[in-house]
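Have a look at run18.txt below; it lists compact mmCIF, C-alpha atoms.
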# COMPACT_ATOMS: atom_id res chain seq x y z
CA MET A 1 -21.57 -62.22 -2.78
CA THR A 2 -23.70 -59.58 -1.05
CA ARG A 3 -24.80 -56.68 -3.26
CA GLN A 4 -26.02 -53.43 -1.73
CA HIS A 5 -27.62 -50.42 -3.40
CA THR A 6 -25.30 -48.18 -5.38
CA ASP A 7 -24.13 -45.03 -3.58
CA SER A 8 -26.82 -42.75 -4.99
CA TYR A 9 -29.03 -39.93 -3.77
CA TYR A 10 -31.95 -42.36 -3.96
CA ALA A 11 -30.29 -44.89 -1.65
CA ALA A 12 -29.31 -42.14 0.76
CA SER A 13 -32.89 -40.80 0.90
CA ALA A 14 -34.72 -44.13 0.78
CA ASN A 15 -37.69 -44.85 2.99
CA GLN A 16 -37.50 -47.67 5.49
CA ARG A 17 -36.22 -50.81 3.80
CA PRO A 18 -37.13 -54.12 5.45
CA GLU A 19 -34.51 -56.85 5.28
CA HIS A 20 -35.61 -59.95 3.41
CA PRO A 21 -33.83 -63.28 4.01
CA ARG A 22 -31.77 -65.30 1.57
CA LEU A 23 -33.46 -68.36 0.14
CA ASN A 24 -32.38 -71.56 1.91
CA GLY A 25 -33.83 -74.95 1.07
CA LEU A 26 -36.88 -75.82 -1.01
CA VAL A 27 -39.92 -73.56 -1.27
CA GLU A 28 -43.18 -74.28 -3.13
CA ALA A 29 -45.18 -71.53 -4.82
CA ASP A 30 -47.89 -70.92 -7.36
CA VAL A 31 -45.78 -68.23 -9.03
CA CYS A 32 -42.11 -67.36 -8.75
CA VAL A 33 -41.19 -63.80 -9.74
CA VAL A 34 -37.53 -63.30 -10.70
CA GLY A 35 -36.42 -59.74 -9.96
CA SER A 36 -37.88 -57.14 -7.61
CA GLY A 37 -37.77 -53.92 -9.59
CA ILE A 38 -40.98 -52.13 -10.52
CA THR A 39 -41.96 -54.92 -12.93
CA GLY A 40 -41.41 -57.71 -10.42
CA ALA A 41 -42.90 -55.87 -7.45
CA SER A 42 -45.96 -54.92 -9.53
CA ALA A 43 -46.42 -58.50 -10.72
CA ALA A 44 -46.09 -59.79 -7.16
CA LEU A 45 -48.60 -57.24 -5.89
CA GLU A 46 -51.15 -58.04 -8.58
CA LEU A 47 -50.74 -61.82 -8.22
CA ALA A 48 -50.90 -61.76 -4.42
CA ASN A 49 -54.05 -59.66 -4.59
CA ARG A 50 -55.52 -62.33 -6.88
CA GLY A 51 -54.87 -64.98 -4.24
CA TYR A 52 -51.74 -66.64 -5.63
CA ASN A 53 -48.94 -67.92 -3.41
CA VAL A 54 -46.10 -65.73 -4.72
CA VAL A 55 -42.35 -65.99 -4.09
CA VAL A 56 -40.02 -63.23 -5.34
CA LEU A 57 -36.32 -64.02 -5.88
CA GLU A 58 -34.03 -60.98 -5.94
CA GLY A 59 -30.34 -61.31 -6.72
CA ALA A 60 -29.41 -58.24 -4.68
CA LYS A 61 -31.79 -55.85 -2.87
CA VAL A 62 -35.32 -54.77 -3.74
CA GLY A 63 -34.99 -52.04 -6.35
CA TRP A 64 -31.24 -52.62 -6.80
CA GLY A 65 -31.27 -52.24 -10.60
CA ALA A 66 -32.67 -49.54 -12.87
CA SER A 67 -35.87 -49.28 -10.82
CA GLY A 68 -33.88 -47.88 -7.93
CA ARG A 69 -31.39 -45.65 -9.72
CA SER A 70 -33.06 -44.22 -12.84
CA GLY A 71 -33.92 -40.64 -13.77
CA GLY A 72 -37.39 -41.13 -12.29
CA GLN A 73 -39.15 -39.55 -15.27
CA MET A 74 -42.68 -40.87 -15.79
CA ILE A 75 -43.21 -40.30 -19.51
CA PHE A 76 -46.24 -41.05 -21.66
CA GLY A 77 -46.08 -43.60 -24.47
CA TYR A 78 -43.17 -45.77 -25.53
CA ALA A 79 -39.56 -45.09 -26.45
CA ALA A 80 -40.57 -46.27 -29.92
CA GLU A 81 -42.79 -43.68 -31.61
CA GLN A 82 -46.39 -44.60 -32.36
CA ALA A 83 -45.71 -44.31 -36.10
CA LYS A 84 -43.03 -46.99 -35.77
CA LEU A 85 -45.35 -49.21 -33.75
CA ALA A 86 -48.04 -48.82 -36.40
CA LYS A 87 -45.57 -50.09 -39.02
CA LEU A 88 -44.67 -53.04 -36.80
CA VAL A 89 -48.15 -54.18 -35.72
CA GLY A 90 -50.67 -52.20 -37.79
CA ARG A 91 -52.70 -49.11 -37.03
CA ASP A 92 -55.47 -50.77 -34.99
CA ASP A 93 -53.09 -52.58 -32.66
CA ALA A 94 -50.92 -49.46 -32.38
CA HIS A 95 -53.98 -47.71 -30.97
CA LYS A 96 -54.48 -50.54 -28.46
CA LEU A 97 -50.82 -50.30 -27.48
CA TRP A 98 -51.27 -46.57 -26.94
CA ASP A 99 -54.21 -47.26 -24.64
CA ILE A 100 -52.04 -49.61 -22.56
CA ALA A 101 -49.29 -46.99 -22.24
CA ASP A 102 -51.81 -44.28 -21.36
CA GLN A 103 -53.34 -46.50 -18.68
CA ALA A 104 -49.83 -47.23 -17.34
CA VAL A 105 -49.43 -43.61 -16.22
CA SER A 106 -52.82 -43.65 -14.51
CA LEU A 107 -52.01 -47.00 -12.89
CA THR A 108 -48.80 -45.56 -11.44
CA ARG A 109 -50.68 -42.70 -9.80
CA GLN A 110 -53.39 -45.06 -8.58
CA ARG A 111 -50.95 -47.44 -6.91
CA ILE A 112 -49.14 -44.56 -5.22
CA ALA A 113 -52.47 -43.33 -3.83
CA ASP A 114 -53.87 -46.77 -2.93
CA HIS A 115 -50.76 -47.84 -1.03
CA ASN A 116 -49.76 -44.46 0.39
CA ILE A 117 -46.32 -44.57 -1.24
CA ASP A 118 -44.18 -41.57 -0.29
CA CYS A 119 -42.13 -41.04 -3.48
CA ASP A 120 -42.20 -37.30 -4.27
CA LEU A 121 -44.60 -37.67 -7.21
CA ALA A 122 -44.80 -34.41 -9.19
CA PRO A 123 -46.59 -33.55 -12.47
CA GLY A 124 -45.21 -32.24 -15.75
CA HIS A 125 -42.64 -33.26 -18.35
CA LEU A 126 -40.99 -31.40 -21.23
CA HIS A 127 -39.36 -32.92 -24.31
CA ALA A 128 -36.99 -30.07 -25.17
CA ALA A 129 -35.75 -29.03 -28.62
CA ILE A 130 -32.14 -27.96 -29.14
CA LYS A 131 -32.19 -27.62 -32.94
CA PRO A 132 -34.77 -26.48 -35.51
CA ARG A 133 -35.19 -30.06 -36.74
CA HIS A 134 -36.10 -31.03 -33.19
CA MET A 135 -38.98 -28.56 -33.29
CA ASP A 136 -40.15 -30.07 -36.57
CA GLU A 137 -40.00 -33.56 -35.05
CA LEU A 138 -41.89 -32.49 -31.96
CA LYS A 139 -44.57 -30.70 -33.97
CA GLY A 140 -45.11 -33.85 -36.03
CA TRP A 141 -45.31 -35.84 -32.83
CA TYR A 142 -47.78 -33.36 -31.33
CA ASP A 143 -50.04 -33.51 -34.39
CA GLU A 144 -50.01 -37.31 -34.31
CA LEU A 145 -50.78 -37.51 -30.59
CA VAL A 146 -53.65 -35.04 -30.78
CA ASP A 147 -55.18 -35.90 -34.15
CA GLU A 148 -54.57 -39.66 -34.32
CA TYR A 149 -54.68 -40.66 -30.65
CA GLY A 150 -56.80 -37.94 -29.06
CA TYR A 151 -54.15 -37.19 -26.42
CA ARG A 152 -55.07 -33.71 -25.17
CA SER A 153 -52.65 -33.05 -22.32
CA VAL A 154 -49.74 -32.04 -24.60
CA GLN A 155 -48.82 -28.50 -25.64
CA MET A 156 -46.25 -27.16 -28.08
CA TRP A 157 -44.12 -24.49 -26.41
CA ASP A 158 -41.94 -21.92 -28.14
CA LYS A 159 -38.66 -20.62 -26.73
CA ALA A 160 -40.34 -17.91 -24.67
CA GLN A 161 -42.72 -20.40 -23.05
CA VAL A 162 -39.85 -22.73 -22.13
CA GLU A 163 -37.84 -19.85 -20.66
CA SER A 164 -40.87 -18.72 -18.65
CA GLN A 165 -40.61 -21.99 -16.75
CA MET A 166 -36.90 -22.83 -16.93
CA ALA A 167 -33.81 -20.64 -16.37
CA SER A 168 -31.88 -21.88 -19.41
CA ASP A 169 -31.60 -20.42 -22.90
CA ASN A 170 -30.42 -23.70 -24.48
CA TYR A 171 -33.79 -24.70 -25.92
CA LEU A 172 -35.81 -23.50 -28.90
CA GLY A 173 -39.06 -24.88 -27.55
CA GLY A 174 -40.54 -28.21 -26.62
CA LEU A 175 -43.46 -30.57 -26.18
CA PHE A 176 -44.92 -30.23 -22.69
CA ASP A 177 -47.14 -32.90 -21.17
CA ALA A 178 -49.08 -32.14 -18.01
CA ASN A 179 -50.04 -35.82 -17.60
CA SER A 180 -46.46 -37.09 -17.33
CA GLY A 181 -44.26 -36.33 -14.34
CA HIS A 182 -41.49 -37.61 -12.11
CA LEU A 183 -40.89 -39.42 -8.82
CA HIS A 184 -38.30 -40.99 -6.51
CA PRO A 185 -37.91 -44.35 -8.25
CA LEU A 186 -36.39 -46.33 -5.37
CA ASN A 187 -39.03 -45.22 -2.89
CA TYR A 188 -41.73 -46.03 -5.43
CA THR A 189 -40.29 -49.52 -5.91
CA LEU A 190 -39.92 -50.07 -2.18
CA GLY A 191 -43.53 -49.01 -1.73
CA LEU A 192 -44.75 -51.51 -4.31
CA ALA A 193 -42.72 -54.29 -2.68
CA ARG A 194 -44.12 -53.37 0.74
CA ALA A 195 -47.65 -53.51 -0.64
CA ALA A 196 -46.96 -56.88 -2.28
CA ALA A 197 -45.56 -58.28 0.98
CA GLU A 198 -48.58 -57.01 2.88
CA ALA A 199 -50.77 -58.79 0.31
CA GLY A 200 -48.95 -62.05 1.04
CA ALA A 201 -45.98 -62.24 -1.36
CA THR A 202 -42.71 -63.58 0.09
CA PHE A 203 -39.45 -61.86 -0.90
CA TYR A 204 -35.95 -63.35 -0.80
CA GLU A 205 -32.95 -61.05 -1.32
CA GLN A 206 -29.33 -61.90 -2.18
CA SER A 207 -30.76 -64.96 -3.96
CA PRO A 208 -29.82 -64.79 -7.65
CA VAL A 209 -31.31 -67.48 -9.86
CA ILE A 210 -28.52 -69.49 -11.50
CA ARG A 211 -30.53 -72.13 -13.36
CA ILE A 212 -34.11 -72.78 -14.45
CA GLU A 213 -35.47 -76.28 -15.06
CA GLN A 214 -38.53 -76.05 -17.29
CA GLY A 215 -41.52 -78.35 -17.06
CA ASP A 216 -45.12 -78.46 -15.90
CA THR A 217 -43.63 -77.44 -12.58
CA VAL A 218 -40.63 -75.14 -12.97
CA THR A 219 -37.67 -75.43 -10.61
CA LEU A 220 -35.52 -72.36 -10.05
CA HIS A 221 -32.12 -72.87 -8.46
CA THR A 222 -30.13 -70.44 -6.35
CA ASP A 223 -26.84 -71.15 -4.60
CA ASN A 224 -28.61 -72.21 -1.44
CA GLY A 225 -32.11 -73.26 -2.43
CA GLN A 226 -34.80 -74.00 -4.95
CA VAL A 227 -38.29 -72.74 -5.72
CA ARG A 228 -40.79 -75.07 -7.36
CA ALA A 229 -43.57 -73.10 -9.05
CA LYS A 230 -46.40 -73.63 -11.51
CA PHE A 231 -45.60 -70.32 -13.22
CA VAL A 232 -42.55 -68.07 -13.52
CA VAL A 233 -42.52 -64.34 -14.21
CA MET A 234 -39.10 -63.06 -15.31
CA CYS A 235 -38.39 -59.39 -14.59
CA CYS A 236 -34.61 -59.12 -14.97
CA ASN A 237 -34.37 -56.61 -17.86
CA ALA A 238 -30.78 -55.36 -18.24
CA TYR A 239 -29.51 -57.68 -15.51
CA MET A 240 -30.29 -61.08 -17.06
CA GLU A 241 -26.61 -62.06 -16.63
CA GLY A 242 -26.71 -65.19 -18.79
CA LEU A 243 -29.83 -66.70 -17.21
CA ALA A 244 -31.87 -66.87 -20.44
CA PRO A 245 -29.67 -66.29 -23.54
CA LYS A 246 -32.63 -66.65 -25.91
CA ILE A 247 -34.16 -63.40 -24.69
CA GLU A 248 -31.02 -61.72 -23.36
CA SER A 249 -29.85 -61.32 -26.96
CA LYS A 250 -32.80 -59.01 -27.62
CA VAL A 251 -31.72 -56.46 -24.98
CA MET A 252 -28.57 -54.37 -24.70
CA PRO A 253 -27.53 -53.11 -21.24
CA VAL A 254 -26.53 -49.46 -21.72
CA GLY A 255 -24.91 -47.41 -18.98
CA THR A 256 -26.45 -44.08 -18.09
CA TYR A 257 -25.44 -41.64 -15.35
CA ILE A 258 -26.86 -39.07 -12.92
CA THR A 259 -25.39 -36.45 -10.62
CA ALA A 260 -27.19 -34.88 -7.66
CA THR A 261 -26.24 -31.49 -6.28
CA GLU A 262 -26.38 -30.50 -2.66
CA PRO A 263 -29.79 -29.14 -1.57
CA LEU A 264 -30.34 -25.77 -3.21
CA GLY A 265 -33.23 -24.59 -1.08
CA GLU A 266 -36.74 -24.32 -2.48
CA GLU A 267 -36.44 -20.74 -3.70
CA ARG A 268 -33.20 -21.27 -5.64
CA ALA A 269 -34.37 -24.60 -7.03
CA ARG A 270 -37.64 -23.13 -8.29
CA GLU A 271 -35.72 -20.33 -9.98
CA LEU A 272 -34.21 -23.06 -12.19
CA ILE A 273 -37.43 -24.97 -12.95
CA ARG A 274 -40.37 -22.86 -11.87
CA ASN A 275 -43.15 -25.39 -12.47
CA ASN A 276 -41.10 -28.35 -11.13
CA MET A 277 -41.42 -30.33 -14.36
CA ALA A 278 -38.99 -33.01 -15.52
CA VAL A 279 -37.06 -32.25 -18.71
CA ALA A 280 -35.32 -34.33 -21.37
CA ASP A 281 -33.90 -33.16 -24.68
CA ILE A 282 -34.45 -35.32 -27.76
CA ASN A 283 -30.89 -35.96 -28.84
CA PHE A 284 -30.09 -39.64 -29.29
CA VAL A 285 -27.55 -39.25 -26.47
CA LEU A 286 -29.76 -37.06 -24.35
CA ASP A 287 -29.63 -35.02 -21.17
CA TYR A 288 -32.47 -35.35 -18.67
CA PHE A 289 -33.00 -33.51 -15.41
CA ARG A 290 -35.44 -32.55 -12.67
CA LEU A 291 -35.61 -31.32 -9.10
CA SER A 292 -35.72 -33.72 -6.19
CA GLY A 293 -38.22 -33.57 -3.37
CA ASP A 294 -35.60 -31.89 -1.18
CA HIS A 295 -34.72 -29.32 -3.88
CA ARG A 296 -31.56 -30.76 -5.43
CA MET A 297 -30.85 -30.73 -9.13
CA LEU A 298 -30.77 -34.31 -10.44
CA PHE A 299 -29.03 -34.18 -13.81
CA GLY A 300 -28.66 -37.24 -16.02
CA GLY A 301 -26.93 -37.88 -19.29
CA ARG A 302 -24.04 -39.55 -21.05
CA VAL A 303 -24.20 -43.19 -22.07
CA SER A 304 -21.75 -46.04 -22.15
CA TYR A 305 -22.24 -48.81 -24.67
CA SER A 306 -18.90 -50.37 -23.76
CA LYS A 307 -19.85 -51.31 -20.14
CA LEU A 308 -17.00 -49.05 -19.01
CA ASP A 309 -17.84 -46.01 -16.89
CA PRO A 310 -16.58 -42.68 -18.27
CA ILE A 311 -13.35 -41.29 -16.84
CA ASN A 312 -13.92 -38.48 -14.29
CA LEU A 313 -17.64 -39.18 -14.24
CA ALA A 314 -18.54 -36.47 -11.72
CA GLY A 315 -16.57 -33.86 -13.66
CA SER A 316 -18.07 -34.79 -17.02
CA MET A 317 -21.59 -34.77 -15.57
CA ALA A 318 -20.94 -31.36 -14.00
CA ALA A 319 -19.84 -30.01 -17.38
CA ARG A 320 -23.09 -31.17 -19.00
CA MET A 321 -25.14 -29.71 -16.16
CA HIS A 322 -23.32 -26.37 -16.28
CA ASP A 323 -23.93 -26.13 -20.02
CA VAL A 324 -27.66 -26.10 -19.28
CA PHE A 325 -27.52 -24.28 -15.94
CA PRO A 326 -24.34 -22.19 -15.61
CA GLN A 327 -25.91 -20.84 -12.41
CA LEU A 328 -24.89 -24.13 -10.75
CA LYS A 329 -21.15 -23.66 -11.20
CA GLY A 330 -19.53 -23.92 -7.81
CA VAL A 331 -22.45 -25.91 -6.33
CA LYS A 332 -21.32 -29.12 -4.66
CA GLN A 333 -22.27 -32.48 -6.16
CA ASP A 334 -23.21 -34.84 -3.34
CA TYR A 335 -23.75 -38.00 -5.41
CA THR A 336 -22.86 -39.26 -8.87
CA TRP A 337 -23.86 -42.76 -9.97
CA GLY A 338 -24.83 -44.91 -12.91
CA GLY A 339 -26.54 -48.11 -13.93
CA TYR A 340 -27.85 -50.05 -16.88
CA VAL A 341 -31.00 -49.40 -18.86
CA GLY A 342 -32.21 -52.25 -21.06
CA ILE A 343 -32.78 -51.14 -24.67
CA THR A 344 -34.11 -53.09 -27.62
CA ALA A 345 -33.05 -52.56 -31.23
CA ASN A 346 -36.40 -50.95 -32.14
CA ARG A 347 -36.87 -49.28 -28.69
CA ALA A 348 -40.21 -51.06 -28.16
CA PRO A 349 -40.66 -53.24 -25.06
CA HIS A 350 -40.06 -56.97 -25.48
CA PHE A 351 -42.68 -59.29 -23.94
CA GLY A 352 -43.12 -63.00 -24.47
CA ARG A 353 -42.89 -66.56 -23.17
CA LEU A 354 -39.92 -68.84 -22.69
CA ALA A 355 -42.42 -71.67 -22.18
CA ASP A 356 -46.17 -71.90 -21.73
CA ASN A 357 -45.75 -71.18 -18.03
CA ILE A 358 -42.75 -68.79 -18.12
CA PHE A 359 -43.47 -65.15 -18.97
CA PHE A 360 -41.04 -62.24 -19.37
CA ALA A 361 -41.05 -58.49 -19.97
CA GLN A 362 -37.95 -56.40 -20.69
CA GLY A 363 -36.39 -53.71 -22.89
CA PHE A 364 -38.32 -50.59 -21.85
CA SER A 365 -35.58 -48.44 -23.38
CA GLY A 366 -35.73 -45.56 -20.93
CA HIS A 367 -39.54 -45.42 -20.63
CA GLY A 368 -39.80 -47.77 -17.67
CA ILE A 369 -41.30 -45.87 -14.77
CA ALA A 370 -44.91 -46.32 -15.87
CA LEU A 371 -44.61 -49.16 -18.40
CA THR A 372 -42.85 -51.53 -16.01
CA GLY A 373 -45.72 -51.31 -13.58
CA MET A 374 -48.13 -52.13 -16.39
CA ALA A 375 -45.86 -54.99 -17.52
CA GLY A 376 -46.17 -56.62 -14.12
CA THR A 377 -49.94 -56.28 -14.33
CA LEU A 378 -50.12 -57.79 -17.83
CA MET A 379 -47.99 -60.78 -16.81
CA ALA A 380 -50.23 -61.32 -13.80
CA GLU A 381 -53.25 -61.25 -16.12
CA ALA A 382 -51.55 -63.81 -18.37
CA VAL A 383 -50.81 -66.14 -15.44
CA ALA A 384 -54.47 -65.87 -14.45
CA GLY A 385 -55.52 -66.91 -17.96
CA THR A 386 -56.37 -63.55 -19.54
CA ALA A 387 -53.44 -62.88 -21.87
CA GLU A 388 -55.06 -60.64 -24.48
CA ARG A 389 -53.22 -57.47 -23.46
CA PHE A 390 -49.97 -59.30 -22.78
CA ASP A 391 -50.10 -60.96 -26.20
CA LEU A 392 -50.82 -57.61 -27.84
CA VAL A 393 -47.46 -56.30 -26.63
CA ALA A 394 -45.75 -59.66 -27.21
CA GLN A 395 -46.56 -59.53 -30.94
CA ILE A 396 -44.12 -56.63 -31.50
CA PRO A 397 -41.25 -58.17 -33.50
CA HIS A 398 -37.71 -57.94 -32.16
CA MET A 399 -34.30 -58.74 -33.55
CA ASP A 400 -31.15 -59.92 -31.79
CA PHE A 401 -28.35 -57.45 -31.31
CA PRO A 402 -25.62 -58.66 -33.69
CA GLY A 403 -22.45 -60.32 -32.49
CA GLY A 404 -23.70 -62.43 -29.58
CA ARG A 405 -22.69 -61.74 -25.99
CA LEU A 406 -18.99 -61.43 -26.87
CA PHE A 407 -19.11 -59.11 -29.87
CA ARG A 408 -22.44 -57.26 -29.67
CA THR A 409 -21.08 -54.48 -27.42
CA PRO A 410 -18.21 -53.45 -29.77
CA ALA A 411 -20.60 -53.64 -32.72
CA LEU A 412 -23.06 -51.34 -30.98
CA VAL A 413 -20.31 -48.90 -30.00
CA LEU A 414 -19.48 -48.48 -33.69
CA ALA A 415 -23.13 -48.12 -34.67
CA MET A 416 -23.80 -45.51 -31.99
CA ALA A 417 -20.96 -43.31 -33.26
CA TRP A 418 -23.21 -42.38 -36.20
CA TYR A 419 -26.01 -41.25 -33.85
CA ARG A 420 -23.59 -39.18 -31.78
CA MET A 421 -22.42 -37.45 -34.94
CA ARG A 422 -26.04 -36.78 -35.87
CA ASP A 423 -26.67 -35.14 -32.49
CA LEU A 424 -23.99 -32.61 -33.35
CA LEU A 425 -25.56 -31.61 -36.68

Can you give me the file's structure in the form of C-alpha cells?
Amino acid sequence: MTRQHTDSYYAASANQRPEHPRLNGLVEADVCVVGSGITGASAALELANRGYNVVVLEGAKVGWGASGRSGGQMIFGYAAEQAKLAKLVGRDDAHKLWDIADQAVSLTRQRIADHNIDCDLAPGHLHAAIKPRHMDELKGWYDELVDEYGYRSVQMWDKAQVESQMASDNYLGGLFDANSGHLHPLNYTLGLARAAAEAGATFYEQSPVIRIEQGDTVTLHTDNGQVRAKFVVMCCNAYMEGLAPKIESKVMPVGTYITATEPLGEERARELIRNNMAVADINFVLDYFRLSGDHRMLFGGRVSYSKLDPINLAGSMAARMHDVFPQLKGVKQDYTWGGYVGITANRAPHFGRLADNIFFAQGFSGHGIALTGMAGTLMAEAVAGTAERFDLVAQIPHMDFPGGRLFRTPALVLAMAWYRMRDLL
C-alpha cells in the first residue's frame, strides 16, 4: 500500500520533496532509524555527521505523521509541568531535564540556520487563560519558571495586554514567551531529512518495518527487504502499529485537528494577531492557532480518543475558530485535516531501550516540535556511547494505558469525559 501525505495546507505548500525508493533486498548499516519524522530525521542527521552508515526506513513519506501535520507550535519545556517532573525524578534531575528542553528550542533554531531550512520560523507564543483559575495556574507557573529555573523570557499578561496583540476578547490574560515560536512543520522535517541525506544517510520510503529480530546484529524486515544493523533507533511515536507492543502500551494515539483559511492578506491577518505569535489556551481539550507564512489562519482543536474523526469536521472546526475570531465568519476554509499525537499517561516523554542496541523515544504529548529534534540527538549520543542525557530522560517512570490495545481506547474515552467537564467549569 502506498501512503501519501494527508490533504493539508502543509502538504500543499511543501518545499521540494525528493522521492526516496522502496527498500528491496538486503542492506547493511551501522544504524537503522525507523521513522522519518523530526525525531528520525534529526537522529539520522546527527549520526551521519558522526560518520555512521545510516539507513532510514519510513513506512510512508518523510514527515507523513505528526511531524508533517501538527500545529507547528515550538513551545518551551515539556507537556508535563516541571513540578510534576520534580516529583517523578527529584529536584536536581528536574533541573537537568529543564536544561535539555531549553537547549531543544535553541537547537531547533540552530539547525534551521545551519541547513538553510525555509520553514516560516517566527517568534512568540502565548498560553492563554479563559477562566480565573487559569490565571492562577499561569501565575504559579510563571513564578516557578523565573524563580526556580531562571527562565527570563516569559511575561505575565493581563487582558489588556493580550487584546493589544490579538483581536479577541475571549481571554483574561496569559503567559507570553518570546523564546518560543512557530514554524511550518513539514518543511522543517523535509529540511532535516535533506540535510541528513546530504550528510550521507540513505532514506527508503513506503517501507514499513513489519518485524524486528533482536541480536548483536539486528535484522529489520519489510515486505520487500531487510536491513541488518548494529544499532536501531525507533522513532515511530503514535504510529507504532503493533511493531513493539512493550512500548506501544505506554503511548496513546490521540486525534487532533486543524483548519486553514484561505489567505487573508498580510494586513487583515496582522489585525487578528498583531505580533504574529502562536497561541494555545490551557484547557485540557485546548484550542491552538497561529498565522501561516502566507497569512492564513491555522486553527487547531478538538480531540478524538476513539480513533473516529468528528462528524462534519470542517464545520465543527469553523465553529471553534469563529468563537475566538468572529471576524472570520464567511471566510473560506481551504484545508481541514487531522492526525495522531502520541501522549503518555503522565505527559512526559518516554525514552528507553528495547535491547542494549535498540533505542526509542516517543510520547511527546503535544510538545514535539523542539523536543523531538533533541530526542534524535540524544539517541545519536547514546549510540555513540555517551548516554548520560538520554538516560536522564529515560529514568522518568511511565505506566501502561489500561485495557491493552483492544480496550484502552474505550477506557480513555471514559476517563477524558471528566477532563472535558472540568474545562467547562

#### Entry: For A:Leu57: contacts at 10 Å, only C-alpha atoms, fewer than 6 positions along chain excluded, given as a ChimeraX atom specification
/A:22-23,32-36,40,202-209,220,222,227,234

Export, as a short mmCIF file (atom, residue, chain, number, x, y, z; two decimals), in the frame of the given file, the selected residues with C-alpha atoms.
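Listing of part_39.cif after writing:
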data_model
loop_
_atom_site.label_atom_id
_atom_site.label_comp_id
_atom_site.auth_asym_id
_atom_site.auth_seq_id
_atom_site.Cartn_x
_atom_site.Cartn_y
_atom_site.Cartn_z
CA ARG A 22 -31.77 -65.30 1.57
CA LEU A 23 -33.46 -68.36 0.14
CA CYS A 32 -42.11 -67.36 -8.75
CA VAL A 33 -41.19 -63.80 -9.74
CA VAL A 34 -37.53 -63.30 -10.70
CA GLY A 35 -36.42 -59.74 -9.96
CA SER A 36 -37.88 -57.14 -7.61
CA GLY A 40 -41.41 -57.71 -10.42
CA THR A 202 -42.71 -63.58 0.09
CA PHE A 203 -39.45 -61.86 -0.90
CA TYR A 204 -35.95 -63.35 -0.80
CA GLU A 205 -32.95 -61.05 -1.32
CA GLN A 206 -29.33 -61.90 -2.18
CA SER A 207 -30.76 -64.96 -3.96
CA PRO A 208 -29.82 -64.79 -7.65
CA VAL A 209 -31.31 -67.48 -9.86
CA LEU A 220 -35.52 -72.36 -10.05
CA THR A 222 -30.13 -70.44 -6.35
CA VAL A 227 -38.29 -72.74 -5.72
CA MET A 234 -39.10 -63.06 -15.31
#

Could you pull the residues within 10 Å of stretch 213-215 of chain A, counting all atoms listed in the file, minus those fewer than 2 positions along the same chain, as a compact mmCIF listing (two decimals) with C-alpha atoms, in the coordinates of the input?
# COMPACT_ATOMS: atom_id res chain seq x y z
CA ARG A 211 -30.53 -72.13 -13.36
CA THR A 217 -43.63 -77.44 -12.58
CA VAL A 218 -40.63 -75.14 -12.97
CA THR A 219 -37.67 -75.43 -10.61
CA LEU A 220 -35.52 -72.36 -10.05
CA HIS A 221 -32.12 -72.87 -8.46
CA ARG A 228 -40.79 -75.07 -7.36
CA ALA A 229 -43.57 -73.10 -9.05
CA LYS A 230 -46.40 -73.63 -11.51
CA PHE A 231 -45.60 -70.32 -13.22
CA VAL A 232 -42.55 -68.07 -13.52
CA LEU A 354 -39.92 -68.84 -22.69
CA ALA A 355 -42.42 -71.67 -22.18
CA ASP A 356 -46.17 -71.90 -21.73
CA ASN A 357 -45.75 -71.18 -18.03
CA ILE A 358 -42.75 -68.79 -18.12

#### Entry: Using all atoms listed in the file: which of A:Pro185, A:Gly373, A:Gly25, A:Gly293 has the shortest distance to A:Ala66
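Among the listed residues, A:Pro185 lies closest to A:Ala66.
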
### Message
Just checking: using only C-alpha atoms, which residue out of A:Leu45, A:Leu286, A:Ala167, A:Ile75 ends up closest to A:Phe325?
### Response
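Answer, going by the shortest atom-to-atom distance: A:Ala167.
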
### Task
Quote the spacing between atom CA of A:His350 and atom CA of A:Leu243 in Å to one decimal place.
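That distance, rounded to one decimal, is 16.4 Å.
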
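With distances restricted to all atoms listed in the file, A:Ala269 is the closest residue to A:Gln165 from A:Tyr52, A:Tyr288, A:Lys246, A:Ala269.
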
### Task
Determine the nearest neighbour of A:Ala113 from the options A:Ala195, A:Met166, A:Lys84, A:Pro132, counting all atoms listed in the file.
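So, comparing all the options, the nearest one is A:Ala195.
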
### Message
What's the separation between atom CA of A:Val251 and atom CA of A:Thr344, in Å to one decimal place?
### Response
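For atom CA of A:Val251 relative to atom CA of A:Thr344, the distance reads 4.9 Å.
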
Within 7 Å of A:Glu46, counting all atoms listed in the file, which residues qualify if same-chain residues fewer than 3 places away don't, as an mmCIF file with C-alpha atoms, keeping the file's coordinate frame?
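Listed below is the output, result_15.cif:
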data_model
loop_
_atom_site.group_PDB
_atom_site.id
_atom_site.type_symbol
_atom_site.label_atom_id
_atom_site.label_comp_id
_atom_site.auth_asym_id
_atom_site.auth_seq_id
_atom_site.Cartn_x
_atom_site.Cartn_y
_atom_site.Cartn_z
ATOM 1 C CA SER A 42 -45.960 -54.920 -9.530
ATOM 2 C CA ALA A 43 -46.420 -58.500 -10.720
ATOM 3 C CA ASN A 49 -54.050 -59.660 -4.590
ATOM 4 C CA ARG A 50 -55.520 -62.330 -6.880
ATOM 5 C CA THR A 377 -49.940 -56.280 -14.330
ATOM 6 C CA ALA A 380 -50.230 -61.320 -13.800
#

### Å distance separating atom CA of A:Ala201 from atom CA of A:Leu186, one decimal place
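We find that atom CA of A:Ala201 and atom CA of A:Leu186 lie 19.0 Å from each other.
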
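In terms of minimum interatomic distance to A:Ala384, A:Phe359 ranks closest within A:Trp64, A:Tyr9, A:Tyr340, A:Phe359, counting all atoms listed in the file.
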
### Message
Taking 3 positions as the minimum chain separation for residues in the same chain, which residues sit within 12 Å of A:Asp281 when counting all atoms listed in the file? Answer as number ranges by chain.
### Response
A: 125-131, 134-135, 138, 170-176, 278, 284-289, 299-301, 324, 423
